[in-house]
>>> print(open('structure.cif').read())   # mmCIF, N, CA and C atoms
data_my_file
#
loop_
_atom_site.label_atom_id
_atom_site.label_comp_id
_atom_site.auth_asym_id
_atom_site.auth_seq_id
_atom_site.Cartn_x
_atom_site.Cartn_y
_atom_site.Cartn_z
N MET A 551 -5.01 42.23 -1.93
CA MET A 551 -5.50 42.66 -0.66
C MET A 551 -4.44 42.31 0.38
N ARG A 552 -4.30 43.16 1.36
CA ARG A 552 -3.33 42.93 2.44
C ARG A 552 -4.09 42.66 3.73
N ILE A 553 -3.77 41.52 4.37
CA ILE A 553 -4.43 41.12 5.61
C ILE A 553 -3.36 40.86 6.65
N GLY A 554 -3.29 41.68 7.67
CA GLY A 554 -2.33 41.47 8.75
C GLY A 554 -0.89 41.30 8.29
N GLY A 555 -0.47 42.07 7.33
CA GLY A 555 0.90 41.98 6.83
C GLY A 555 1.11 40.93 5.75
N LEU A 556 0.06 40.24 5.34
CA LEU A 556 0.14 39.23 4.28
C LEU A 556 -0.51 39.76 3.02
N ASP A 557 0.15 39.53 1.90
CA ASP A 557 -0.46 39.84 0.61
C ASP A 557 -1.29 38.64 0.19
N VAL A 558 -2.58 38.86 -0.08
CA VAL A 558 -3.48 37.80 -0.50
C VAL A 558 -3.99 38.16 -1.88
N ILE A 559 -3.74 37.27 -2.83
CA ILE A 559 -4.19 37.50 -4.21
C ILE A 559 -5.41 36.64 -4.45
N LEU A 560 -6.50 37.27 -4.81
CA LEU A 560 -7.76 36.58 -5.08
C LEU A 560 -8.06 36.66 -6.57
N ILE A 561 -8.66 35.61 -7.10
CA ILE A 561 -9.06 35.63 -8.50
C ILE A 561 -10.56 35.40 -8.59
N GLY A 562 -11.16 35.87 -9.65
CA GLY A 562 -12.59 35.74 -9.82
C GLY A 562 -13.00 34.56 -10.67
N ARG A 563 -12.03 33.88 -11.26
CA ARG A 563 -12.33 32.75 -12.12
C ARG A 563 -11.48 31.57 -11.70
N ARG A 564 -12.08 30.41 -11.56
CA ARG A 564 -11.36 29.22 -11.13
C ARG A 564 -10.33 28.82 -12.19
N THR A 565 -9.06 28.79 -11.78
CA THR A 565 -7.99 28.43 -12.70
C THR A 565 -6.79 27.94 -11.90
N GLN A 566 -5.83 27.35 -12.57
CA GLN A 566 -4.61 26.89 -11.93
C GLN A 566 -3.54 27.98 -11.99
N ALA A 567 -2.54 27.87 -11.13
CA ALA A 567 -1.45 28.84 -11.08
C ALA A 567 -0.36 28.41 -12.07
N PHE A 568 -0.59 28.66 -13.36
CA PHE A 568 0.35 28.24 -14.39
C PHE A 568 1.62 29.07 -14.43
N GLY A 569 1.53 30.34 -14.08
CA GLY A 569 2.69 31.22 -14.19
C GLY A 569 2.71 32.29 -13.13
N THR A 570 3.78 33.03 -13.11
CA THR A 570 3.98 34.07 -12.10
C THR A 570 3.17 35.34 -12.39
N GLU A 571 2.39 35.31 -13.47
CA GLU A 571 1.57 36.48 -13.81
C GLU A 571 0.58 36.82 -12.71
N LEU A 572 0.25 35.85 -11.87
CA LEU A 572 -0.63 36.13 -10.74
C LEU A 572 -0.06 37.26 -9.89
N PHE A 573 1.26 37.33 -9.81
CA PHE A 573 1.95 38.36 -9.05
C PHE A 573 2.29 39.56 -9.92
N THR A 574 2.96 39.28 -11.04
CA THR A 574 3.52 40.38 -11.84
C THR A 574 2.46 41.30 -12.42
N GLN A 575 1.28 40.78 -12.74
CA GLN A 575 0.22 41.65 -13.27
C GLN A 575 -0.30 42.63 -12.22
N LEU A 576 0.01 42.35 -10.96
CA LEU A 576 -0.38 43.27 -9.88
C LEU A 576 0.80 44.14 -9.44
N GLY A 577 1.92 44.04 -10.17
CA GLY A 577 3.09 44.83 -9.82
C GLY A 577 3.91 44.22 -8.69
N LEU A 578 3.70 42.95 -8.38
CA LEU A 578 4.41 42.27 -7.30
C LEU A 578 5.49 41.37 -7.89
N ASP A 579 6.62 41.30 -7.23
CA ASP A 579 7.73 40.45 -7.66
C ASP A 579 7.71 39.16 -6.85
N PRO A 580 7.40 38.01 -7.47
CA PRO A 580 7.33 36.76 -6.71
C PRO A 580 8.65 36.37 -6.06
N LYS A 581 9.77 36.85 -6.59
CA LYS A 581 11.09 36.55 -6.01
C LYS A 581 11.31 37.26 -4.68
N SER A 582 10.50 38.28 -4.40
CA SER A 582 10.70 39.05 -3.17
C SER A 582 10.01 38.43 -1.95
N TYR A 583 9.27 37.33 -2.16
CA TYR A 583 8.54 36.70 -1.05
C TYR A 583 9.36 35.55 -0.46
N ARG A 584 9.40 35.47 0.85
CA ARG A 584 10.06 34.34 1.52
C ARG A 584 9.19 33.09 1.46
N VAL A 585 7.87 33.28 1.55
CA VAL A 585 6.92 32.17 1.53
C VAL A 585 5.79 32.52 0.57
N MET A 586 5.45 31.57 -0.28
CA MET A 586 4.27 31.69 -1.14
C MET A 586 3.43 30.44 -0.95
N VAL A 587 2.13 30.62 -0.85
CA VAL A 587 1.21 29.50 -0.74
C VAL A 587 0.29 29.57 -1.94
N LEU A 588 0.29 28.51 -2.73
CA LEU A 588 -0.54 28.48 -3.92
C LEU A 588 -1.54 27.34 -3.80
N LYS A 589 -2.77 27.60 -4.16
CA LYS A 589 -3.78 26.55 -4.19
C LYS A 589 -3.83 26.06 -5.63
N SER A 590 -3.03 25.04 -5.88
CA SER A 590 -2.90 24.49 -7.23
C SER A 590 -2.44 23.05 -7.11
N ALA A 591 -2.89 22.21 -8.00
CA ALA A 591 -2.54 20.79 -7.92
C ALA A 591 -1.06 20.58 -8.19
N GLN A 592 -0.65 20.64 -9.41
CA GLN A 592 0.75 20.45 -9.78
C GLN A 592 1.17 21.45 -10.83
N HIS A 593 0.23 22.20 -11.33
CA HIS A 593 0.47 23.08 -12.46
C HIS A 593 1.45 24.20 -12.16
N PHE A 594 1.62 24.54 -10.92
CA PHE A 594 2.49 25.64 -10.51
C PHE A 594 3.97 25.31 -10.67
N ALA A 595 4.34 24.05 -10.69
CA ALA A 595 5.73 23.63 -10.57
C ALA A 595 6.63 24.19 -11.66
N GLY A 596 6.16 24.29 -12.88
CA GLY A 596 6.98 24.80 -13.97
C GLY A 596 7.44 26.23 -13.76
N ALA A 597 6.55 27.07 -13.28
CA ALA A 597 6.87 28.49 -13.10
C ALA A 597 7.46 28.79 -11.73
N TYR A 598 6.95 28.14 -10.69
CA TYR A 598 7.35 28.48 -9.33
C TYR A 598 8.47 27.59 -8.79
N GLY A 599 8.63 26.40 -9.36
CA GLY A 599 9.69 25.49 -8.92
C GLY A 599 11.07 26.12 -8.93
N PRO A 600 11.45 26.82 -10.02
CA PRO A 600 12.77 27.44 -10.05
C PRO A 600 12.96 28.54 -9.00
N LEU A 601 11.89 29.09 -8.47
CA LEU A 601 11.98 30.15 -7.46
C LEU A 601 12.07 29.57 -6.04
N ALA A 602 11.75 28.29 -5.89
CA ALA A 602 11.58 27.70 -4.56
C ALA A 602 12.82 26.97 -4.08
N SER A 603 13.09 27.07 -2.80
CA SER A 603 14.12 26.24 -2.19
C SER A 603 13.46 24.99 -1.58
N LEU A 604 12.14 25.04 -1.39
CA LEU A 604 11.40 23.91 -0.84
C LEU A 604 9.95 24.01 -1.30
N ILE A 605 9.39 22.89 -1.73
CA ILE A 605 7.97 22.82 -2.08
C ILE A 605 7.33 21.81 -1.15
N VAL A 606 6.30 22.22 -0.45
CA VAL A 606 5.56 21.34 0.45
C VAL A 606 4.17 21.17 -0.14
N SER A 607 3.80 19.93 -0.42
CA SER A 607 2.47 19.66 -0.97
C SER A 607 1.57 19.16 0.14
N ALA A 608 0.33 19.59 0.10
CA ALA A 608 -0.65 19.17 1.10
C ALA A 608 -1.69 18.29 0.42
N ASP A 609 -1.95 17.14 0.99
CA ASP A 609 -2.99 16.26 0.48
C ASP A 609 -4.25 16.57 1.27
N THR A 610 -5.21 17.18 0.60
CA THR A 610 -6.42 17.62 1.29
C THR A 610 -7.53 16.59 1.23
N GLY A 611 -7.24 15.42 0.67
CA GLY A 611 -8.26 14.39 0.57
C GLY A 611 -9.24 14.70 -0.55
N GLY A 612 -10.44 14.30 -0.38
CA GLY A 612 -11.45 14.55 -1.40
C GLY A 612 -11.43 13.48 -2.48
N CYS A 613 -12.07 13.77 -3.60
CA CYS A 613 -12.24 12.77 -4.65
C CYS A 613 -10.99 12.54 -5.48
N CYS A 614 -10.03 13.44 -5.45
CA CYS A 614 -8.84 13.31 -6.28
C CYS A 614 -7.57 13.53 -5.46
N PRO A 615 -7.18 12.55 -4.63
CA PRO A 615 -5.95 12.73 -3.84
C PRO A 615 -4.72 12.81 -4.73
N GLN A 616 -3.69 13.52 -4.27
CA GLN A 616 -2.47 13.67 -5.05
C GLN A 616 -1.72 12.35 -5.21
N ASP A 617 -1.80 11.48 -4.23
CA ASP A 617 -1.16 10.18 -4.31
C ASP A 617 -2.14 9.22 -4.95
N PRO A 618 -1.88 8.75 -6.19
CA PRO A 618 -2.83 7.89 -6.87
C PRO A 618 -3.09 6.58 -6.13
N ALA A 619 -2.15 6.14 -5.30
CA ALA A 619 -2.36 4.91 -4.53
C ALA A 619 -3.47 5.07 -3.49
N LYS A 620 -3.80 6.31 -3.12
CA LYS A 620 -4.85 6.57 -2.14
C LYS A 620 -6.22 6.74 -2.78
N HIS A 621 -6.27 6.73 -4.11
CA HIS A 621 -7.53 6.91 -4.81
C HIS A 621 -8.39 5.66 -4.66
N ALA A 622 -9.65 5.82 -4.39
CA ALA A 622 -10.57 4.70 -4.19
C ALA A 622 -11.07 4.19 -5.55
N PHE A 623 -10.18 3.53 -6.29
CA PHE A 623 -10.57 2.98 -7.59
C PHE A 623 -11.61 1.89 -7.38
N THR A 624 -12.70 1.92 -8.13
CA THR A 624 -13.76 0.92 -7.96
C THR A 624 -13.87 -0.01 -9.16
N LYS A 625 -13.34 0.37 -10.31
CA LYS A 625 -13.47 -0.46 -11.51
C LYS A 625 -12.10 -0.73 -12.14
N LEU A 626 -11.13 -0.94 -11.31
CA LEU A 626 -9.76 -1.13 -11.77
C LEU A 626 -9.35 -2.57 -11.57
N GLN A 627 -8.81 -3.20 -12.60
CA GLN A 627 -8.32 -4.56 -12.47
C GLN A 627 -6.94 -4.53 -11.84
N ARG A 628 -6.78 -5.27 -10.74
CA ARG A 628 -5.52 -5.29 -10.03
C ARG A 628 -4.80 -6.57 -10.34
N PRO A 629 -3.49 -6.63 -10.28
CA PRO A 629 -2.58 -5.54 -9.94
C PRO A 629 -2.34 -4.61 -11.13
N LEU A 630 -1.99 -3.37 -10.83
CA LEU A 630 -1.70 -2.37 -11.85
C LEU A 630 -0.47 -1.59 -11.43
N TRP A 631 0.55 -1.64 -12.24
CA TRP A 631 1.76 -0.88 -11.97
C TRP A 631 1.52 0.57 -12.36
N PRO A 632 1.92 1.56 -11.63
CA PRO A 632 2.80 1.55 -10.47
C PRO A 632 2.07 1.56 -9.14
N LEU A 633 0.76 1.34 -9.15
CA LEU A 633 -0.01 1.40 -7.90
C LEU A 633 0.26 0.19 -7.00
N ASP A 634 0.51 -0.95 -7.60
CA ASP A 634 0.74 -2.17 -6.84
C ASP A 634 2.21 -2.55 -6.91
N GLU A 635 2.72 -3.12 -5.83
CA GLU A 635 4.16 -3.41 -5.73
C GLU A 635 4.63 -4.42 -6.76
N LYS A 636 3.88 -5.48 -7.00
CA LYS A 636 4.31 -6.51 -7.93
C LYS A 636 3.38 -6.54 -9.14
N VAL A 637 3.95 -6.39 -10.31
CA VAL A 637 3.20 -6.48 -11.54
C VAL A 637 4.08 -7.19 -12.55
N GLU A 638 3.60 -8.30 -13.06
CA GLU A 638 4.31 -9.04 -14.10
C GLU A 638 5.77 -9.27 -13.73
N GLY A 639 6.01 -9.67 -12.50
CA GLY A 639 7.38 -9.99 -12.08
C GLY A 639 8.21 -8.77 -11.70
N ARG A 640 7.70 -7.57 -11.88
CA ARG A 640 8.43 -6.35 -11.49
C ARG A 640 8.19 -6.05 -10.03
N LEU A 641 9.20 -5.63 -9.36
CA LEU A 641 9.04 -5.18 -7.98
C LEU A 641 9.35 -3.70 -7.95
N VAL A 642 8.40 -2.93 -7.50
CA VAL A 642 8.59 -1.48 -7.41
C VAL A 642 9.27 -1.17 -6.09
N VAL A 643 10.38 -0.45 -6.15
CA VAL A 643 11.11 -0.10 -4.92
C VAL A 643 11.05 1.38 -4.68
#
>>> encode(input="structure.cif", output="structure tokens")
Amino acid sequence: MRIGGLDVILIGRRTQAFGTELFTQLGLDPKSYRVMVLKSAQHFAGAYGPLASLIVSADTGGCCPQDPAKHAFTKLQRPLWPLDEKVEGRLVV
């Protein structure tokens, strides 16, 4: 679908963006876009990383933040590397 000069690809089944087939199956060339926005955790990186000059990740919060240090662990014994700076004499830099 095209909205105000933007190509918007919608899917009917919840899935991750594993490959460029999201574009190519519709006859679109992903290399022809200056900007692509994908709603995907990390699964897109294998297919889209080589096409990108820059990847910007957004942390939207919720129950599963992208930064594990921000996760509200409730049953975790601390310290735990790599979440905590010092573990068994190791210093994470």
>>> closest_residue(input="structure.cif", among="A:Gly611, A:Pro618, A:Gly599, A:Gly555", to="A:Leu633", atoms="only C-alpha atoms")
A:Pro618
>>> atom_distance(input="structure.cif", atom1="atom CA of A:Phe594", atom2="atom C of A:Gln566")
6.6 Å
>>> select_by_dssp(input="structure.cif", residues="stretch 583-638 of chain A", states="alpha helix (DSSP H)", output="PDB file with N, CA and C atoms, keeping the file's coordinate frame")
ATOM      1  N   ALA A 595       4.340  24.050 -10.690  1.00  0.00           N
ATOM      2  CA  ALA A 595       5.730  23.630 -10.570  1.00  0.00           C
ATOM      3  C   ALA A 595       6.630  24.190 -11.660  1.00  0.00           C
ATOM      4  N   GLY A 596       6.160  24.290 -12.880  1.00  0.00           N
ATOM      5  CA  GLY A 596       6.980  24.800 -13.970  1.00  0.00           C
ATOM      6  C   GLY A 596       7.440  26.230 -13.760  1.00  0.00           C
ATOM      7  N   ALA A 597       6.550  27.070 -13.280  1.00  0.00           N
ATOM      8  CA  ALA A 597       6.870  28.490 -13.100  1.00  0.00           C
ATOM      9  C   ALA A 597       7.460  28.790 -11.730  1.00  0.00           C
ATOM     10  N   TYR A 598       6.950  28.140 -10.690  1.00  0.00           N
ATOM     11  CA  TYR A 598       7.350  28.480  -9.330  1.00  0.00           C
ATOM     12  C   TYR A 598       8.470  27.590  -8.790  1.00  0.00           C
TER      13      TYR A 598
END
>>> residues_near_point(input="structure.cif", point="(-0.5, 40.6, -2.9)", cutoff="9 Å", atoms="only C-alpha atoms", output="list in words")
Met551, Arg552, Leu556, Asp557, Val558, Ile559, Leu560, Phe573, Leu576, Gly577 and Leu578 of chain A
>>> residues_around(input="structure.cif", residues="stretch 604-607 of chain A", least_positions_apart="3", cutoff="10 Å", atoms="only C-alpha atoms", output="MDAnalysis selection string")
chainID A and resid 585:592 595 598:601 610 616
>>> select_by_dssp(input="structure.cif", residues="chain A", states="strand (DSSP E)", output="list in words")
Arg552, Ile553, Leu556, Asp557, Lys636, Val637, Arg640 and Leu641 of chain A
>>> atom_distance(input="structure.cif", atom1="atom CA of A:Asp617", atom2="atom C of A:Pro632")
10.4 Å
>>> atom_distance(input="structure.cif", atom1="atom C of A:Gly596", atom2="atom C of A:Phe568")
6.5 Å
>>> axis_aligned_box(input="structure.cif", around="stretch 596-604 of chain A", padding_each_side="6 Å", output="JSON")
{"center_x": 10.1, "center_y": 27.0, "center_z": -7.4, "size_x": 20.0, "size_y": 18.2, "size_z": 25.1}
>>> closest_residue(input="structure.cif", among="A:Gly612, A:Ala567, A:Glu635, A:Ala622", to="A:His593", atoms="all atoms listed in the file")
A:Ala567
